[in-house]
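Pasted below: query.csv, CSV, C-alpha atoms.
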```csv
chain,number,residue,atom,x,y,z
A,47,MET,CA,0.0,0.0,0.0
A,48,THR,CA,1.0,3.6,-0.3
A,49,VAL,CA,3.1,5.0,2.6
A,50,LEU,CA,0.6,7.8,3.2
A,51,GLU,CA,-2.8,6.4,2.5
A,52,GLY,CA,-4.6,8.6,5.1
A,53,PHE,CA,-2.9,11.7,3.8
A,54,HIS,CA,-4.0,11.0,0.3
A,55,GLU,CA,-7.6,10.2,1.3
A,56,ASP,CA,-7.8,13.5,3.1
A,57,HIS,CA,-6.9,15.2,-0.2
A,58,GLY,CA,-9.6,13.4,-2.1
A,59,ALA,CA,-7.6,10.6,-3.6
A,60,THR,CA,-9.0,7.5,-5.3
A,61,PHE,CA,-6.7,4.5,-5.5
A,62,THR,CA,-5.6,1.9,-8.0
A,63,GLU,CA,-3.2,-1.1,-8.1
A,64,ARG,CA,0.2,-1.0,-9.8
A,65,GLY,CA,2.4,-4.1,-9.6
A,66,GLY,CA,0.5,-5.4,-6.6
A,67,ARG,CA,0.8,-2.1,-4.7
A,68,ARG,CA,-2.0,0.2,-3.8
A,69,VAL,CA,-1.2,3.7,-5.2
A,70,VAL,CA,-3.0,6.9,-5.9
A,71,GLY,CA,-5.0,6.9,-9.1
A,72,ASN,CA,-6.1,10.5,-9.1
A,73,TYR,CA,-7.3,13.3,-6.9
A,74,GLY,CA,-10.5,14.0,-8.9
A,75,ARG,CA,-9.3,15.9,-11.9
A,76,PRO,CA,-6.4,14.0,-13.6
A,77,ALA,CA,-6.5,16.0,-16.8
A,78,GLN,CA,-6.2,19.3,-14.9
A,79,ALA,CA,-3.3,17.8,-12.9
A,80,HIS,CA,-1.7,16.8,-16.1
A,81,LYS,CA,-1.8,20.3,-17.4
A,82,ALA,CA,-0.4,21.6,-14.1
A,83,VAL,CA,2.6,19.3,-14.4
A,84,ARG,CA,3.2,20.3,-18.0
A,85,ASN,CA,3.0,24.1,-17.1
A,86,VAL,CA,4.5,24.3,-13.6
A,87,VAL,CA,5.2,21.3,-11.3
A,88,GLY,CA,3.5,18.4,-9.7
A,89,VAL,CA,4.3,15.7,-7.0
A,90,ILE,CA,3.4,12.0,-7.0
A,91,GLU,CA,4.1,9.3,-4.5
A,92,MET,CA,6.0,6.6,-6.5
A,93,GLY,CA,5.1,2.9,-6.0
A,94,TYR,CA,8.5,1.3,-6.1
A,95,GLY,CA,9.8,-1.9,-4.6
A,96,VAL,CA,13.1,-1.3,-2.8
A,97,VAL,CA,16.0,-3.8,-2.5
A,98,LEU,CA,19.2,-3.1,-0.6
A,99,VAL,CA,22.5,-4.9,-1.6
A,100,GLU,CA,25.4,-4.6,0.9
A,101,GLY,CA,28.7,-6.3,1.4
A,102,ALA,CA,32.2,-6.1,-0.1
A,103,ASP,CA,31.2,-7.8,-3.4
A,104,ARG,CA,27.9,-5.9,-3.9
A,105,VAL,CA,28.9,-4.0,-7.1
A,106,GLU,CA,30.5,-7.0,-8.8
A,107,PHE,CA,27.5,-9.2,-7.9
A,108,VAL,CA,24.8,-6.9,-9.3
A,109,ASP,CA,26.9,-5.8,-12.3
A,110,ASN,CA,27.2,-9.5,-13.4
A,111,ALA,CA,23.4,-9.8,-13.4
A,112,ILE,CA,22.1,-6.7,-15.1
A,113,SER,CA,22.3,-5.3,-18.7
A,114,ASN,CA,24.0,-2.0,-17.7
A,115,THR,CA,27.1,-1.1,-15.7
A,116,VAL,CA,26.8,-0.5,-12.0
A,117,PRO,CA,28.4,2.9,-11.1
A,118,THR,CA,31.4,2.6,-8.8
A,119,GLU,CA,31.0,6.1,-7.5
A,120,ASP,CA,28.8,7.2,-4.6
A,121,GLY,CA,26.0,9.5,-5.9
A,122,GLN,CA,25.5,7.9,-9.3
A,123,GLY,CA,22.8,5.6,-10.7
A,124,VAL,CA,21.9,3.7,-13.8
A,125,TYR,CA,18.8,2.3,-15.5
A,126,ALA,CA,19.1,-1.4,-16.2
A,127,LEU,CA,17.2,-4.7,-17.0
A,128,LEU,CA,17.2,-8.3,-16.0
A,129,LEU,CA,16.8,-10.5,-19.0
A,130,ASP,CA,16.0,-14.2,-19.5
A,131,PRO,CA,18.2,-16.5,-21.6
A,132,GLN,CA,16.1,-15.6,-24.7
A,133,GLY,CA,16.9,-11.9,-24.1
A,134,ARG,CA,13.4,-10.9,-23.0
A,135,VAL,CA,12.9,-8.4,-20.2
A,136,GLU,CA,12.1,-10.0,-16.8
A,137,LEU,CA,12.1,-6.7,-14.9
A,138,ASP,CA,13.6,-3.2,-15.1
A,139,MET,CA,15.3,-1.3,-12.2
A,140,TYR,CA,17.2,1.7,-11.2
A,141,VAL,CA,20.5,0.9,-9.4
A,142,TYR,CA,22.0,3.7,-7.2
A,143,ASN,CA,25.5,3.5,-5.6
A,144,ALA,CA,24.9,4.9,-2.1
A,145,GLY,CA,28.4,4.3,-0.7
A,146,GLU,CA,28.4,1.2,1.5
A,147,ARG,CA,25.3,-0.1,-0.2
A,148,LEU,CA,23.4,-0.3,-3.5
A,149,LEU,CA,19.8,0.9,-3.5
A,150,LEU,CA,17.6,-0.7,-6.2
A,151,PHE,CA,14.2,0.5,-7.2
A,152,THR,CA,12.1,-2.2,-8.9
A,153,PRO,CA,8.4,-2.7,-9.9
A,154,PRO,CA,6.7,-3.1,-6.5
A,155,ASP,CA,5.8,-6.8,-6.7
A,156,GLU,CA,9.3,-7.8,-8.0
A,157,ALA,CA,11.4,-6.7,-5.1
A,158,ALA,CA,10.8,-9.8,-2.9
A,159,PRO,CA,11.2,-12.4,-5.7
A,160,LEU,CA,14.4,-10.6,-6.9
A,161,ALA,CA,15.9,-10.7,-3.4
A,162,GLU,CA,15.0,-14.3,-2.9
A,163,ASP,CA,16.4,-15.3,-6.3
A,164,TRP,CA,19.7,-13.4,-5.7
A,165,ARG,CA,20.2,-14.7,-2.2
A,166,GLY,CA,20.3,-18.2,-3.8
A,167,LYS,CA,23.1,-17.1,-6.1
A,168,THR,CA,25.6,-15.4,-3.8
A,169,PHE,CA,27.6,-18.6,-3.0
A,170,ILE,CA,30.8,-17.5,-1.3
A,171,GLN,CA,30.5,-13.8,-2.3
A,172,ASP,CA,30.2,-11.2,0.5
A,173,VAL,CA,26.7,-9.9,-0.4
A,174,ASP,CA,23.7,-9.2,1.8
A,175,ILE,CA,20.3,-8.7,0.1
A,176,THR,CA,17.3,-7.3,1.9
A,177,VAL,CA,13.8,-6.0,0.9
A,178,ALA,CA,13.3,-2.5,2.2
A,179,THR,CA,10.2,-1.4,0.4
A,180,ASP,CA,8.4,-0.4,3.7
A,181,ASP,CA,11.4,1.5,5.0
A,182,PHE,CA,11.3,4.3,2.4
A,183,ALA,CA,9.0,6.8,0.7
A,184,VAL,CA,9.8,8.1,-2.8
A,185,PHE,CA,8.2,11.2,-4.2
A,186,GLY,CA,8.5,12.3,-7.9
A,187,VAL,CA,8.7,16.0,-8.6
A,188,HIS,CA,8.0,16.7,-12.3
A,189,GLY,CA,7.4,19.8,-14.5
A,190,PRO,CA,9.3,22.7,-16.1
A,191,LYS,CA,9.6,24.3,-12.6
A,192,ALA,CA,10.8,21.1,-10.9
A,193,THR,CA,14.3,22.4,-10.3
A,194,GLU,CA,12.9,25.6,-8.8
A,195,LYS,CA,10.5,23.7,-6.6
A,196,VAL,CA,13.2,21.4,-5.2
A,197,ALA,CA,15.6,24.3,-4.6
A,198,SER,CA,12.9,26.2,-2.7
A,199,VAL,CA,12.6,23.5,0.0
A,200,LEU,CA,16.0,21.7,0.0
A,201,THR,CA,18.6,22.5,2.6
A,202,GLY,CA,22.1,21.6,1.7
A,203,PRO,CA,23.5,21.2,-1.9
A,204,GLY,CA,21.5,22.4,-4.8
A,205,ALA,CA,19.5,20.1,-7.0
A,206,PRO,CA,21.7,17.4,-8.6
A,207,GLU,CA,22.7,17.7,-12.2
A,208,GLY,CA,23.0,14.8,-14.6
A,209,ALA,CA,20.4,12.1,-15.0
A,210,LEU,CA,20.4,9.5,-12.2
A,211,SER,CA,22.9,11.4,-10.1
A,212,PHE,CA,21.9,12.3,-6.5
A,213,ASP,CA,22.8,14.5,-3.5
A,214,ARG,CA,21.8,14.4,0.1
A,215,GLY,CA,20.2,17.2,2.1
A,216,SER,CA,17.2,17.9,4.3
A,217,MET,CA,13.7,19.2,4.0
A,218,GLY,CA,12.7,20.6,7.4
A,219,ASP,CA,13.9,18.1,10.0
A,220,ALA,CA,13.9,15.2,7.5
A,221,GLY,CA,17.0,13.9,5.8
A,222,VAL,CA,16.4,13.3,2.1
A,223,THR,CA,18.2,12.1,-1.0
A,224,VAL,CA,17.3,13.9,-4.2
A,225,ILE,CA,17.8,12.1,-7.5
A,226,ALA,CA,17.8,13.7,-10.9
A,227,THR,CA,15.5,11.5,-12.9
A,228,ASP,CA,15.7,10.4,-16.6
A,229,ALA,CA,12.7,12.6,-17.3
A,230,LEU,CA,10.1,9.9,-18.0
A,231,THR,CA,7.3,12.5,-18.2
A,232,GLY,CA,9.2,14.6,-20.7
A,233,GLU,CA,9.8,17.3,-18.1
A,234,GLU,CA,12.5,18.2,-15.6
A,235,GLY,CA,12.2,15.6,-12.8
A,236,TYR,CA,13.5,14.6,-9.4
A,237,GLU,CA,12.8,11.8,-6.9
A,238,VAL,CA,13.0,12.7,-3.3
A,239,VAL,CA,13.7,9.7,-1.0
A,240,CYS,CA,13.2,9.7,2.7
A,241,ALA,CA,12.6,7.4,5.6
A,242,ALA,CA,9.0,6.2,5.7
A,243,ASP,CA,8.3,7.8,9.1
A,244,LYS,CA,9.3,11.2,7.6
A,245,ALA,CA,7.1,10.8,4.5
A,246,GLU,CA,4.3,13.1,5.6
A,247,GLU,CA,6.6,15.9,6.6
A,248,VAL,CA,8.5,15.7,3.2
A,249,LEU,CA,5.3,15.5,1.1
A,250,ASP,CA,3.9,18.5,3.0
A,251,ALA,CA,7.0,20.5,2.2
A,252,LEU,CA,6.9,19.4,-1.5
A,253,LEU,CA,3.3,20.4,-1.9
A,254,TYR,CA,3.0,23.6,0.2
A,255,PHE,CA,6.4,25.1,1.1
A,256,GLY,CA,8.3,27.4,-1.2
A,257,MET,CA,6.7,27.1,-4.7
A,258,ALA,CA,3.3,25.3,-4.5
A,259,ALA,CA,3.0,22.0,-6.4
A,260,THR,CA,0.0,20.0,-7.6
A,261,PRO,CA,-0.5,16.5,-6.3
A,262,PHE,CA,-1.1,13.9,-9.0
A,263,GLY,CA,-1.5,10.1,-9.3
A,264,TYR,CA,-0.9,7.3,-11.7
A,265,ASP,CA,-3.7,8.2,-14.0
A,266,THR,CA,-1.8,11.4,-14.8
A,267,TRP,CA,1.5,9.6,-14.8
A,268,ASP,CA,0.2,7.3,-17.5
A,269,SER,CA,-0.9,10.3,-19.7
A,270,LEU,CA,2.3,12.2,-19.1
A,271,THR,CA,4.6,9.3,-19.9
A,272,LEU,CA,2.6,8.3,-23.0
A,273,GLU,CA,2.8,11.9,-24.4
A,274,ALA,CA,6.6,11.7,-23.7
A,275,GLY,CA,6.9,8.5,-25.7
A,276,THR,CA,8.2,6.6,-22.6
A,277,PRO,CA,7.9,2.8,-22.6
A,278,LEU,CA,6.9,1.4,-19.2
A,279,PHE,CA,7.6,-2.0,-17.7
A,280,GLU,CA,4.1,-3.5,-17.4
A,281,THR,CA,2.8,-2.3,-20.8
A,282,GLU,CA,5.8,-2.0,-23.2
A,283,LEU,CA,8.7,-3.8,-21.7
A,284,GLU,CA,7.9,-7.0,-19.9
A,285,GLY,CA,8.5,-10.1,-22.0
A,286,ARG,CA,10.0,-8.2,-24.9
A,287,ILE,CA,13.6,-8.0,-26.2
A,288,PRO,CA,14.9,-4.5,-25.3
A,289,ASN,CA,16.1,-3.8,-28.8
A,290,VAL,CA,12.5,-3.9,-29.9
A,291,ALA,CA,11.5,-1.3,-27.3
A,292,GLY,CA,14.4,0.9,-28.4
A,293,ILE,CA,15.6,1.5,-24.7
A,294,ARG,CA,19.3,1.7,-25.5
A,295,ASN,CA,19.9,3.6,-22.3
A,296,ALA,CA,19.4,0.4,-20.4
A,297,LEU,CA,22.1,-1.5,-22.3
A,298,ASN,CA,25.8,-1.5,-22.3
A,299,PHE,CA,26.9,-3.5,-25.3
A,300,ASP,CA,30.6,-3.3,-24.3
A,301,LYS,CA,30.3,-4.9,-20.8
A,302,GLY,CA,31.0,-8.5,-20.0
A,303,CYS,CA,28.5,-11.4,-20.2
A,304,PHE,CA,25.1,-11.2,-18.6
A,305,VAL,CA,22.0,-13.4,-19.0
A,306,GLY,CA,20.4,-12.6,-22.4
A,307,GLN,CA,23.4,-10.7,-23.7
A,308,GLU,CA,24.0,-13.0,-26.6
A,309,VAL,CA,20.5,-12.5,-28.0
A,310,VAL,CA,20.6,-8.7,-27.5
A,311,SER,CA,24.0,-8.4,-29.2
A,312,ARG,CA,22.9,-10.6,-32.1
A,313,VAL,CA,19.9,-8.4,-32.8
A,314,GLU,CA,22.1,-5.3,-32.4
A,315,ASN,CA,24.7,-6.6,-34.9
A,316,ARG,CA,21.9,-7.5,-37.3
A,317,GLY,CA,21.2,-3.8,-37.6
A,318,GLN,CA,17.4,-3.8,-36.8
A,319,PRO,CA,14.9,-5.7,-34.6
A,320,SER,CA,11.8,-7.3,-35.9
A,321,ARG,CA,9.5,-4.6,-34.5
A,322,ARG,CA,9.7,-1.0,-33.2
A,323,LEU,CA,7.6,1.1,-30.9
A,324,VAL,CA,5.7,4.0,-32.6
A,325,GLY,CA,3.2,6.6,-31.8
A,326,LEU,CA,-0.4,6.6,-33.1
A,327,VAL,CA,-2.9,9.4,-33.3
A,328,CYS,CA,-6.4,7.9,-33.6
A,329,GLU,CA,-10.0,9.0,-34.2
A,330,GLU,CA,-11.0,7.2,-30.9
A,331,VAL,CA,-9.1,5.8,-28.0
A,332,PRO,CA,-8.2,2.2,-28.9
A,333,GLU,CA,-8.1,-0.7,-26.4
A,334,ALA,CA,-4.8,-2.1,-25.3
A,335,GLY,CA,-4.0,-5.1,-27.5
A,336,ALA,CA,-6.0,-3.7,-30.4
A,337,THR,CA,-4.6,-4.9,-33.8
A,338,VAL,CA,-2.9,-2.4,-36.1
A,339,THR,CA,-3.5,-3.1,-39.8
A,340,ALA,CA,-2.1,-1.5,-42.9
A,341,ASN,CA,-3.3,-2.3,-46.4
A,342,GLY,CA,-5.3,-5.2,-45.1
A,343,ASP,CA,-2.4,-6.8,-43.3
A,344,ASP,CA,-1.9,-7.2,-39.5
A,345,VAL,CA,1.3,-5.2,-38.7
A,346,GLY,CA,1.2,-4.7,-35.0
A,347,GLU,CA,-0.7,-4.1,-31.8
A,348,VAL,CA,-1.4,-1.3,-29.3
A,349,THR,CA,0.2,-1.4,-25.9
A,350,ARG,CA,-1.7,1.5,-24.3
A,351,ALA,CA,-3.7,4.6,-25.2
A,352,VAL,CA,-5.2,7.7,-23.6
A,353,GLN,CA,-7.0,10.8,-24.5
A,354,SER,CA,-4.1,13.3,-24.5
A,355,PRO,CA,-5.0,16.2,-22.2
A,356,LEU,CA,-2.6,18.5,-23.9
A,357,ARG,CA,-3.4,17.7,-27.5
A,358,ASP,CA,-7.0,16.9,-26.8
A,359,GLU,CA,-7.0,13.8,-29.1
A,360,PRO,CA,-6.5,10.1,-28.7
A,361,ILE,CA,-2.9,8.9,-28.7
A,362,ALA,CA,-1.4,5.4,-28.4
A,363,LEU,CA,1.8,3.5,-28.4
A,364,ALA,CA,2.1,0.4,-30.6
A,365,TYR,CA,4.6,-2.2,-31.7
A,366,VAL,CA,4.6,-2.5,-35.5
A,367,GLU,CA,6.8,-4.3,-38.0
A,368,TYR,CA,10.1,-2.6,-38.1
A,369,GLY,CA,10.1,-1.9,-41.9
A,370,LEU,CA,6.5,-0.7,-42.1
A,371,ASP,CA,6.4,2.3,-44.4
A,372,ALA,CA,2.6,3.0,-44.2
A,373,THR,CA,1.4,6.1,-42.3
A,374,ASP,CA,-2.3,5.6,-42.3
A,375,VAL,CA,-3.5,2.5,-40.4
A,376,THR,CA,-6.5,0.9,-38.9
A,377,VAL,CA,-6.4,0.5,-35.1
A,378,GLY,CA,-9.0,-2.0,-33.8
A,379,ASN,CA,-12.3,-0.4,-34.6
A,380,THR,CA,-10.9,3.0,-35.4
A,381,THR,CA,-8.5,4.7,-37.7
A,382,GLY,CA,-5.2,6.4,-37.0
A,383,SER,CA,-1.9,7.6,-38.3
A,384,ILE,CA,1.7,6.9,-37.2
A,385,GLU,CA,3.4,9.9,-35.7
A,386,PRO,CA,7.0,10.5,-34.5
A,387,LEU,CA,7.6,10.4,-30.8
A,388,PRO,CA,7.3,12.2,-28.5
A,389,PHE,CA,3.8,13.5,-28.9
A,390,VAL,CA,4.6,16.5,-26.8
A,391,GLU,CA,7.9,18.3,-26.5
A,392,GLY,CA,8.4,19.2,-22.8
A,393,SER,CA,11.3,20.8,-20.9
A,394,GLN,CA,13.4,17.6,-21.2
A,395,GLN,CA,13.4,14.5,-23.4
A,396,SER,CA,12.6,11.1,-21.8
A,397,GLY,CA,15.7,9.0,-21.3
A,398,ARG,CA,13.7,6.0,-22.6
A,399,LEU,CA,12.5,7.7,-25.8
A,400,PRO,CA,12.8,4.7,-28.3
A,401,THR,CA,15.9,4.9,-30.5
A,402,TYR,CA,17.0,2.5,-33.1
A,403,PRO,CA,20.2,1.9,-35.2
A,404,ASN,CA,20.4,3.8,-38.4
```

If you took the structure in this file and wrote it as structure tokens, what would it be?
Amino acid sequence: MTVLEGFHEDHGATFTERGGRRVVGNYGRPAQAHKAVRNVVGVIEMGYGVVLVEGADRVEFVDNAISNTVPTEDGQGVYALLLDPQGRVELDMYVYNAGERLLLFTPPDEAAPLAEDWRGKTFIQDVDITVATDDFAVFGVHGPKATEKVASVLTGPGAPEGALSFDRGSMGDAGVTVIATDALTGEEGYEVVCAADKAEEVLDALLYFGMAATPFGYDTWDSLTLEAGTPLFETELEGRIPNVAGIRNALNFDKGCFVGQEVVSRVENRGQPSRRLVGLVCEEVPEAGATVTANGDDVGEVTRAVQSPLRDEPIALAYVEYGLDATDVTVGNTTGSIEPLPFVEGSQQSGRLPTYPN
């Protein structure tokens, strides 16, 4: 469940489930909250699972398992994947080097299975793995005024610079870690991490102290990330080869062997995957899973779709055949056209915006 369910209820929240965790869906007007984030700044409680990895061999152990390179310097992070032997995404995660420990943010229902699986693979390595989901609260601060917002309430160093870098400071009496995000909403973004028992104090500061911010939930998160062209784990990534999703920021093709690397490298060397992720503008909002057809042939399927609050028209993400050269398509029971991503140009570009080899 959310760390601050009572706080959110008092502010009119309705709730939904994400990855087995109860999170805020919205506070009554998700489209208005969306526009507030696009124009100024908003705050969301993130529903991560959290895993701590400690011990002298922590960096080597995690680095051998994931698709990217674990930073060796305190204050740095990386976005990475766990793949199966066929190169398909089992889960995605953020890995932060916090000095004597690594802090991993995962989909909420994946933290405990990951920790259990890894504990069985430590052998003689000096590694200690614990689930710490209930020990922390994480708040996302997003919008073109996010840097100004964080600076107005953070005591200590200024807001960190560089995606997935972080600094430590305080908000009121609460110690916090502030992470510069990879801009999944297409706007400036930070994540503020604190102890769970300080969560209400920190959220209160983020919403009401210094520059005011708008609270928002996952309904708005979905529309923001879709407008930004950001593939998400549950809808675009799980079970797919990362080359198809175009999330090259999660891969280091030069590092040593990890599970699934052979497949990923083979697809990379071939020059193009079988499919690619594209944007669709439609006449009506299609269902997830709707078939995309062109010239009478099935060429792909929709992963998710929304009514864009900023563009005021239905938009969707879909996987289609890589070499598809048609623009006009049929999408389930409606029609649409393929459009370049992102749908909306914000203050920053999403770090996951799909990119493919030339």

* Å distance separating atom CA of Met92 of chain A from atom CA of Ala242 of chain A, one decimal place ->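 The value is 12.6 Å.
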
* Taking (-4.8, 18.4, -29.1) in the file's own coordinates, collect the residues within 12 Å, counting all atoms listed in the file, and hand them back as a PyMOL selection string. => chain A and resi 273+327-329+353-361+389-390

Please, which residues in segment 49-108 of chain A fall within 8 Å of segment 190-200 of chain A when counting all atoms listed in the file, and what is the closest atom pair and distance in Å to one decimal for each, ordered by chain then residue number, as JSON lines?
```
{"residue": "A:Val83", "atom": "CA", "partner": "A:Pro190", "partner_atom": "CA", "distance": 7.7}
{"residue": "A:Arg84", "atom": "CA", "partner": "A:Pro190", "partner_atom": "CA", "distance": 6.8}
{"residue": "A:Asn85", "atom": "CA", "partner": "A:Pro190", "partner_atom": "CA", "distance": 6.5}
{"residue": "A:Val86", "atom": "CA", "partner": "A:Lys191", "partner_atom": "CA", "distance": 5.2}
{"residue": "A:Val87", "atom": "CA", "partner": "A:Lys191", "partner_atom": "CA", "distance": 5.5}
{"residue": "A:Gly88", "atom": "CA", "partner": "A:Ala192", "partner_atom": "CA", "distance": 7.9}
```

* Asked: Nearest to Arg214 of chain A among A:Asp180, A:Thr276, A:Asp56, A:Gly121, with distances taken over only C-alpha atoms: which residue is it?
  ->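 So, comparing all the options, the nearest one is A:Gly121.
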
Please report, as a Markdown table, each residue of segment 195-285 of chain A lying at most 7 Å from segment 57-75 of chain A, together with the nearest pair of atoms and the separation in Å rounded to one decimal; use all atoms listed in the file, and order rows by chain and ascending residue number.
```
| residue | atom | partner | partner_atom | distance |
| --- | --- | --- | --- | --- |
| A:Phe262 | CA | A:Asn72 | CA | 6.0 |
| A:Gly263 | CA | A:Asn72 | CA | 4.6 |
| A:Tyr264 | CA | A:Gly71 | CA | 4.9 |
| A:Asp265 | CA | A:Gly71 | CA | 5.2 |
```

* What is the atom CA of Glu91 of chain A to atom CA of Glu136 of chain A distance in Å? ->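 One can read the atom CA of Glu91 of chain A to atom CA of Glu136 of chain A distance as 24.2 Å.
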
* Using atom CA of Ala291 of chain A and atom CA of Leu137 of chain A as the two end points, give the distance in Å to one decimal. => 13.5 Å
